[in-house]
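**Student:** Got a structure for you, structure.cif, holding mmCIF, C-alpha atoms and all ligand atoms.
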```cif
data_run
loop_
_atom_site.label_atom_id
_atom_site.label_comp_id
_atom_site.auth_asym_id
_atom_site.auth_seq_id
_atom_site.Cartn_x
_atom_site.Cartn_y
_atom_site.Cartn_z
CA MET A 1 1.36 -55.44 -49.33
CA SER A 2 -0.04 -58.41 -47.49
CA PRO A 3 -0.85 -58.13 -43.79
CA ASN A 4 2.02 -60.56 -43.23
CA ASN A 5 4.42 -57.76 -43.89
CA LYS A 6 3.09 -55.87 -40.90
CA CYS A 7 4.99 -56.48 -37.72
CA ASP A 8 4.69 -55.78 -34.03
CA LEU A 9 7.15 -52.92 -34.13
CA ARG A 10 5.56 -49.49 -34.16
CA CYS A 11 6.70 -46.22 -35.61
CA ILE A 12 8.39 -43.96 -33.02
CA LEU A 13 6.64 -40.95 -34.61
CA CYS A 14 3.09 -41.93 -35.66
CA HIS A 15 2.81 -45.26 -33.75
CA ARG A 16 1.42 -47.09 -36.77
CA PRO A 17 2.83 -50.62 -37.27
CA LEU A 18 6.07 -50.69 -39.23
CA ARG A 19 6.25 -52.88 -42.32
CA ARG A 20 9.08 -55.28 -42.93
CA ILE A 21 10.21 -54.51 -46.49
CA GLY A 22 13.14 -56.93 -46.72
CA GLU A 23 16.59 -57.57 -45.39
CA ASP A 24 20.01 -56.35 -46.35
CA PHE A 25 22.90 -58.46 -47.68
CA THR A 26 23.97 -59.35 -44.12
CA GLY A 27 20.46 -60.48 -43.15
CA LYS A 28 19.54 -57.38 -41.14
CA PRO A 29 15.77 -56.76 -41.33
CA ILE A 30 14.53 -53.46 -42.79
CA TYR A 31 11.37 -51.89 -41.35
CA LYS A 32 9.63 -48.91 -42.88
CA CYS A 33 7.02 -46.37 -41.85
CA HIS A 34 5.38 -45.37 -45.13
CA ASN A 35 3.63 -42.49 -43.41
CA CYS A 36 6.75 -40.91 -41.91
CA GLN A 37 9.15 -41.96 -44.70
CA TYR A 38 12.04 -43.58 -42.92
CA VAL A 39 13.50 -47.06 -42.47
CA CYS A 40 15.14 -48.67 -39.47
CA THR A 41 16.59 -51.99 -38.44
CA THR A 42 16.88 -53.95 -35.21
CA ILE A 43 18.80 -51.81 -32.79
CA SER A 44 22.19 -53.04 -31.63
CA THR A 45 22.70 -53.26 -27.88
CA ALA A 46 24.44 -50.37 -26.14
CA ALA A 47 27.49 -52.62 -25.60
CA GLU A 48 27.74 -53.48 -29.33
CA THR A 49 27.43 -49.82 -30.25
CA ALA A 50 30.09 -48.78 -27.74
CA ALA A 51 32.45 -51.48 -29.04
CA LEU A 52 31.98 -50.34 -32.65
CA TYR A 53 32.84 -46.69 -32.01
CA ASP A 54 35.46 -47.39 -29.36
CA ASP A 55 37.62 -49.13 -31.94
CA PRO A 56 40.23 -46.51 -32.94
CA GLU A 57 40.32 -48.02 -36.44
CA TYR A 58 36.79 -46.68 -36.97
CA PHE A 59 38.32 -43.22 -37.35
CA ASP A 60 40.98 -44.27 -39.80
CA GLY A 61 39.94 -43.92 -43.42
CA TRP A 62 37.12 -41.44 -44.19
CA GLY A 63 39.93 -39.13 -45.38
CA CYS A 64 41.12 -38.67 -41.78
CA ASN A 65 43.91 -40.30 -39.78
CA LEU A 66 44.32 -41.78 -36.33
CA ASP A 67 46.75 -39.08 -35.19
CA PHE A 68 44.20 -36.33 -35.84
CA ASP A 69 46.83 -34.49 -37.83
CA TYR A 70 44.35 -32.10 -39.44
CA ASP A 71 46.71 -30.69 -42.05
CA ARG A 72 47.07 -34.17 -43.53
CA PHE A 73 43.33 -34.84 -43.79
CA GLU A 74 42.17 -35.06 -47.39
CA PRO A 75 41.14 -31.74 -48.97
CA SER A 76 37.58 -33.09 -49.45
CA VAL A 77 37.24 -33.47 -45.67
CA HIS A 78 38.30 -29.84 -45.12
CA GLN A 79 35.97 -28.75 -47.91
CA GLN A 80 33.03 -30.51 -46.25
CA VAL A 81 33.74 -29.01 -42.82
CA ASP A 82 34.04 -25.53 -44.37
CA ASP A 83 30.65 -26.16 -46.01
CA TYR A 84 29.15 -27.06 -42.60
CA LEU A 85 30.62 -23.97 -40.97
CA ASP A 86 29.39 -21.67 -43.76
CA PHE A 87 25.94 -23.24 -43.38
CA ILE A 88 25.97 -22.78 -39.59
CA ALA A 89 27.02 -19.14 -39.98
CA ALA A 90 24.22 -18.55 -42.52
CA HIS A 91 21.43 -20.22 -40.53
CA THR A 92 22.16 -19.40 -36.89
CA HIS A 93 21.83 -15.76 -36.06
CA GLN A 94 23.06 -15.53 -32.51
CA GLY A 95 25.35 -17.26 -30.09
CA LYS A 96 28.87 -18.53 -30.22
CA SER A 97 28.93 -21.55 -27.91
CA LEU A 98 28.86 -24.74 -29.96
CA LEU A 99 28.65 -28.40 -28.91
CA ASP A 100 29.55 -30.92 -31.63
CA VAL A 101 27.96 -34.25 -30.68
CA GLY A 102 29.84 -37.34 -31.90
CA THR A 103 32.73 -35.15 -32.93
CA GLY A 104 34.95 -37.95 -34.31
CA SER A 105 38.11 -36.41 -35.71
CA GLY A 106 37.16 -33.08 -34.14
CA LEU A 107 37.91 -31.12 -37.30
CA LEU A 108 34.64 -29.18 -37.17
CA PRO A 109 35.11 -27.72 -33.66
CA HIS A 110 38.82 -27.21 -34.39
CA LEU A 111 38.05 -25.03 -37.42
CA ALA A 112 35.06 -23.41 -35.65
CA LEU A 113 37.49 -22.17 -32.97
CA ARG A 114 39.28 -20.16 -35.66
CA ARG A 115 35.94 -18.60 -36.62
CA GLY A 116 35.48 -17.36 -33.07
CA TYR A 117 33.19 -20.05 -31.64
CA ASP A 118 33.57 -21.34 -28.12
CA VAL A 119 33.52 -25.11 -28.76
CA GLU A 120 33.20 -28.46 -27.01
CA GLY A 121 32.65 -31.98 -28.33
CA THR A 122 31.32 -35.36 -27.23
CA ASP A 123 32.18 -38.83 -28.43
CA LEU A 124 31.56 -42.48 -27.53
CA SER A 125 35.17 -43.30 -28.35
CA LYS A 126 37.85 -43.24 -25.65
CA HIS A 127 40.51 -42.79 -28.34
CA VAL A 128 38.79 -39.59 -29.45
CA SER A 129 38.09 -38.17 -26.01
CA GLN A 130 41.66 -38.86 -24.86
CA ASN A 131 43.51 -37.60 -27.94
CA VAL A 132 41.44 -34.95 -29.69
CA PRO A 133 41.53 -32.26 -26.93
CA ALA A 134 45.34 -31.85 -27.20
CA LYS A 135 45.24 -31.83 -31.02
CA GLY A 136 42.06 -29.87 -31.53
CA GLY A 137 42.34 -27.40 -28.65
CA PHE A 138 38.91 -28.00 -27.09
CA PRO A 139 37.36 -30.34 -24.48
CA VAL A 140 35.67 -33.60 -25.52
CA HIS A 141 33.17 -35.25 -23.15
CA HIS A 142 33.23 -39.05 -23.25
CA GLY A 143 29.99 -41.03 -23.41
CA THR A 144 26.44 -40.81 -24.66
CA LEU A 145 24.68 -37.48 -24.68
CA GLU A 146 22.13 -38.84 -22.22
CA ASP A 147 24.83 -39.93 -19.72
CA ILE A 148 27.26 -36.99 -19.80
CA ARG A 149 26.73 -34.42 -17.04
CA PHE A 150 27.15 -31.02 -18.63
CA ALA A 151 27.91 -27.98 -16.50
CA ARG A 152 26.41 -25.56 -19.01
CA LYS A 153 24.10 -25.07 -22.00
CA TYR A 154 24.93 -24.15 -25.59
CA ASP A 155 23.73 -21.75 -28.29
CA ILE A 156 24.33 -24.22 -31.13
CA ILE A 157 24.42 -28.02 -31.12
CA THR A 158 25.52 -29.96 -34.19
CA LEU A 159 24.56 -33.58 -34.94
CA LEU A 160 26.39 -34.23 -38.20
CA HIS A 161 26.01 -37.84 -39.36
CA VAL A 162 25.21 -38.90 -35.80
CA LEU A 163 21.42 -39.26 -35.50
CA GLU A 164 21.28 -42.26 -37.87
CA HIS A 165 23.61 -44.16 -35.51
CA THR A 166 21.65 -43.66 -32.29
CA ASP A 167 19.39 -46.27 -30.69
CA ASP A 168 16.80 -43.63 -29.77
CA PRO A 169 16.47 -40.52 -31.97
CA LEU A 170 13.66 -39.02 -29.85
CA SER A 171 15.77 -39.25 -26.72
CA MET A 172 18.79 -37.77 -28.50
CA ILE A 173 16.88 -34.81 -29.95
CA GLY A 174 15.10 -34.29 -26.60
CA ARG A 175 18.45 -34.25 -24.79
CA CYS A 176 19.82 -31.73 -27.31
CA LYS A 177 16.83 -29.52 -26.61
CA GLU A 178 17.54 -29.67 -22.86
CA LEU A 179 21.15 -28.68 -23.52
CA LEU A 180 20.27 -25.69 -25.70
CA ASN A 181 19.94 -22.17 -24.38
CA SER A 182 16.57 -20.61 -25.13
CA GLU A 183 16.36 -19.71 -28.83
CA GLY A 184 19.33 -22.01 -29.45
CA TYR A 185 19.85 -23.94 -32.69
CA LEU A 186 20.18 -27.64 -33.44
CA VAL A 187 21.75 -28.47 -36.82
CA VAL A 188 21.23 -32.04 -38.08
CA VAL A 189 22.69 -33.68 -41.20
CA VAL A 190 21.84 -37.31 -42.07
CA PRO A 191 21.66 -39.50 -45.21
CA ASN A 192 18.47 -38.93 -47.22
CA TYR A 193 16.31 -42.02 -47.63
CA GLN A 194 14.37 -40.18 -50.36
CA SER A 195 17.47 -39.31 -52.41
CA LEU A 196 17.55 -40.32 -56.07
CA ASP A 197 20.51 -42.56 -55.34
CA SER A 198 18.71 -44.34 -52.51
CA ARG A 199 15.48 -44.74 -54.51
CA LEU A 200 17.36 -46.35 -57.42
CA LYS A 201 19.36 -48.67 -55.19
CA ASP A 202 16.23 -49.56 -53.18
CA ALA A 203 14.45 -50.56 -56.40
CA LEU A 204 17.43 -52.60 -57.61
CA SER A 205 17.65 -54.30 -54.20
CA LYS A 206 13.93 -55.04 -54.13
CA PHE A 207 14.06 -56.72 -57.53
CA LYS A 208 17.20 -58.63 -56.54
CA LEU A 209 19.32 -56.86 -59.13
CA LYS A 210 22.03 -55.91 -56.69
CA GLN A 211 24.81 -58.19 -55.66
CA ARG A 212 24.64 -56.86 -52.12
CA PRO A 213 21.04 -55.75 -51.55
CA TYR A 214 20.46 -52.60 -49.48
CA LYS A 215 24.19 -52.09 -48.87
CA HIS A 216 23.56 -48.36 -49.48
CA LEU A 217 21.56 -48.13 -46.24
CA ALA A 218 24.72 -49.05 -44.28
CA LEU A 219 22.74 -50.91 -41.64
CA GLY A 220 25.96 -52.26 -40.14
CA HIS A 221 26.23 -48.93 -38.32
CA HIS A 222 23.10 -46.98 -39.25
CA ASN A 223 20.04 -47.90 -37.22
CA TRP A 224 17.85 -45.36 -39.07
CA VAL A 225 17.71 -43.78 -42.52
CA PHE A 226 15.63 -40.60 -42.38
CA SER A 227 13.98 -38.26 -44.86
CA ILE A 228 13.15 -34.55 -44.55
CA LYS A 229 9.58 -35.52 -43.62
CA SER A 230 10.67 -37.80 -40.78
CA LEU A 231 13.08 -35.14 -39.49
CA GLU A 232 10.27 -32.57 -39.50
CA LEU A 233 8.02 -34.93 -37.54
CA LEU A 234 10.85 -35.69 -35.12
CA GLY A 235 11.39 -32.00 -34.42
CA GLU A 236 7.66 -31.35 -33.97
CA LYS A 237 7.40 -34.28 -31.59
CA CYS A 238 10.22 -32.82 -29.47
CA GLY A 239 8.69 -29.34 -29.47
CA LEU A 240 11.30 -27.69 -31.68
CA GLN A 241 10.61 -25.20 -34.45
CA ILE A 242 11.90 -26.08 -37.91
CA ILE A 243 13.54 -23.02 -39.38
CA TYR A 244 15.29 -24.45 -42.43
CA ARG A 245 15.55 -27.71 -44.39
CA GLU A 246 17.05 -28.85 -47.67
CA THR A 247 18.74 -31.79 -49.33
CA ARG A 248 22.27 -31.28 -50.46
CA GLN A 249 25.15 -33.25 -51.96
CA PRO A 250 28.48 -33.67 -50.21
CA ALA A 251 30.59 -30.56 -50.83
CA TRP A 252 33.06 -32.42 -53.03
CA ARG A 253 30.23 -33.42 -55.40
CA ALA A 254 28.70 -29.97 -55.87
CA SER A 255 27.72 -29.44 -59.53
CA ALA A 256 24.79 -28.06 -61.53
CA TRP A 257 23.26 -31.58 -61.73
CA HIS A 258 23.55 -32.02 -57.99
CA ARG A 259 22.06 -28.60 -57.30
CA LEU A 260 19.11 -29.68 -59.46
CA LEU A 261 18.69 -32.81 -57.34
CA GLY A 262 18.68 -30.59 -54.27
CA ARG A 263 15.90 -28.44 -55.72
CA PHE A 264 13.67 -31.50 -55.87
CA GLY A 265 14.64 -32.90 -52.48
CA LEU A 266 16.54 -35.76 -54.12
CA ALA A 267 20.11 -34.98 -53.03
CA THR A 268 22.20 -37.33 -50.89
CA TRP A 269 21.91 -35.75 -47.44
CA CYS A 270 19.13 -34.07 -45.45
CA TRP A 271 20.07 -30.83 -43.67
CA ILE A 272 17.68 -29.38 -41.11
CA VAL A 273 17.90 -26.59 -38.55
CA TYR A 274 15.68 -26.72 -35.45
CA ARG A 275 15.24 -23.90 -32.99
CA LYS A 276 14.28 -24.01 -29.35
CA GLY A 277 11.62 -21.57 -28.18
CA VAL A 278 12.12 -18.78 -25.67
ZN ZN B 1 5.32 -43.21 -38.71
#
```
Could the structure of this file be written out as structure tokens, please?
Ligand SMILES: [Zn+2]
**Tutor:**
Amino acid sequence: MSPNNKCDLRCILCHRPLRRIGEDFTGKPIYKCHNCQYVCTTISTAAETAALYDDPEYFDGWGCNLDFDYDRFEPSVHQQVDDYLDFIAAHTHQGKSLLDVGTGSGLLPHLALRRGYDVEGTDLSKHVSQNVPAKGGFPVHHGTLEDIRFARKYDIITLLHVLEHTDDPLSMIGRCKELLNSEGYLVVVVPNYQSLDSRLKDALSKFKLKQRPYKHLALGHHNWVFSIKSLELLGEKCGLQIIYRETRQPAWRASAWHRLLGRFGLATWCWIVYRKGV
């Protein structure tokens, strides 16, 4: 790479200069830290972000519906949430209070209630915070994690497909740590920049063989695309222990081939469990 590809932006983890590796099909620049193995783009303003997630239509599609009528959600959505809850049960060994950050449809806390958890959610969307409590049977705090004033702490915090949307991952993870009880757990799931799928599409994009280059990074709403390595560094930087990590396919795509990808860290999503000290 020529020095021209270096830019003034620095990595949030190792502080080395980020390299500009290209731009996506909408013209959004893509910056990479080769050391920490993640990419990011220019961060949208807080107002743009709020407008994006405040639009009720954002929650339509994705196999859900605007009425939060859980029984009519697609079976694949229920299957995925059951997978999350099984994972949480297997990797957290104490505590029943759970905060689901960026809860969206609220299906995860809703089903966690049935498993005996004491649940709350947060969301940037007014539509969600006004409608989900009555449907889901649990409180939803409106706003960013940094701005909400919580009256308590939690044993388990979940950030499922949330961290890649934030403007400041260090601040978000740090705030989660503050909100955890001692020895509490933080469960994070994000897209895997090092997945086989992403590597192939990156290469095709780089050589201009894709009609819409880097569409797979979804930079219209993802500010970051992490890897297991970058998540480990993020946790270390925030003073959290890393007690488990893996890559895994969405539940509806589980097969022998996909389990093989997971064994080599090449599956679609990164799953990591952090733990707060005593
Ligand atoms: Zn770095």
**Student:** Using all atoms listed in the file, which of the listed residues (A:Leu209, A:Leu98, A:Ala254, A:Ala203) sits closest to A:Val187?
**Tutor:**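 Comparing A:Leu209, A:Leu98, A:Ala254, A:Ala203 against A:Val187, the winner is A:Leu98.
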**Student:** Which chains and residue numbers are within 12 Å of ligand ZN 1 (chain B), counting all atoms listed in the file, if I want them as a ChimeraX atom specification?
**Tutor:** /A:9-19,31-40,226-227,229-234,237
**Student:** Counting only C-alpha atoms, figure out which residue out of A:Tyr274, A:Trp252, A:Trp224, A:Phe25 gets nearest to A:Thr166.
**Tutor:** A:Trp224
**Student:** Within 6 Å of stretch 121-124 of chain A, counting all atoms listed in the file, which residues qualify if same-chain residues fewer than 3 places away don't, as an MDAnalysis selection string?
**Tutor:** chainID A and resid 99:103 140:143
**Student:** Can you list, as a PyMOL selection string, every protein, DNA or RNA residue that comes within 7 Å of stretch 112-118 of chain A when you count only C-alpha atoms, leaving out same-chain residues fewer than 3 positions away?
**Tutor:** chain A and resi 85+96-98+108-109
**Student:** Could you check how far atom CA of A:Tyr70 sits from atom CA of A:Leu107, in Å to one decimal?
**Tutor:**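 Spanning atom CA of A:Tyr70 to atom CA of A:Leu107 is a straight-line distance of 6.9 Å.
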**Student:** Report, in Å to a single decimal, how far apart atom CA of A:Asp168 and atom CA of A:Thr26 are.
**Tutor:**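 These atoms are spaced 22.5 Å apart.
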**Student:** Go through A:Gly106, A:Gly95, A:Pro139, A:Gly220 one by one, measure the shortest atom-to-atom distance of each to A:Val81 using all atoms listed in the file, and give the residue with the smallest value.
**Tutor:** A:Gly106
**Student:** Might you pull out every residue within 9 Å of A:Asp55, with all atoms listed in the file counted and same-chain residues fewer than 3 positions away left off, and present them as a list in words?
**Tutor:**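 My reading of the contact set: Ala50, Ala51, Leu52, Tyr58, Phe59, Ser125, Lys126 and His127 of chain A.
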**Student:** Let's have the selection written as a tab-separated table (two decimals), in the frame of the given file, with C-alpha atoms.
**Tutor:**
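Wrote it out as part-v9.tsv, contents follow:
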```tsv
chain	number	residue	atom	x	y	z
A	50	ALA	CA	30.09	-48.78	-27.74
A	51	ALA	CA	32.45	-51.48	-29.04
A	52	LEU	CA	31.98	-50.34	-32.65
A	58	TYR	CA	36.79	-46.68	-36.97
A	59	PHE	CA	38.32	-43.22	-37.35
A	125	SER	CA	35.17	-43.30	-28.35
A	126	LYS	CA	37.85	-43.24	-25.65
A	127	HIS	CA	40.51	-42.79	-28.34
```
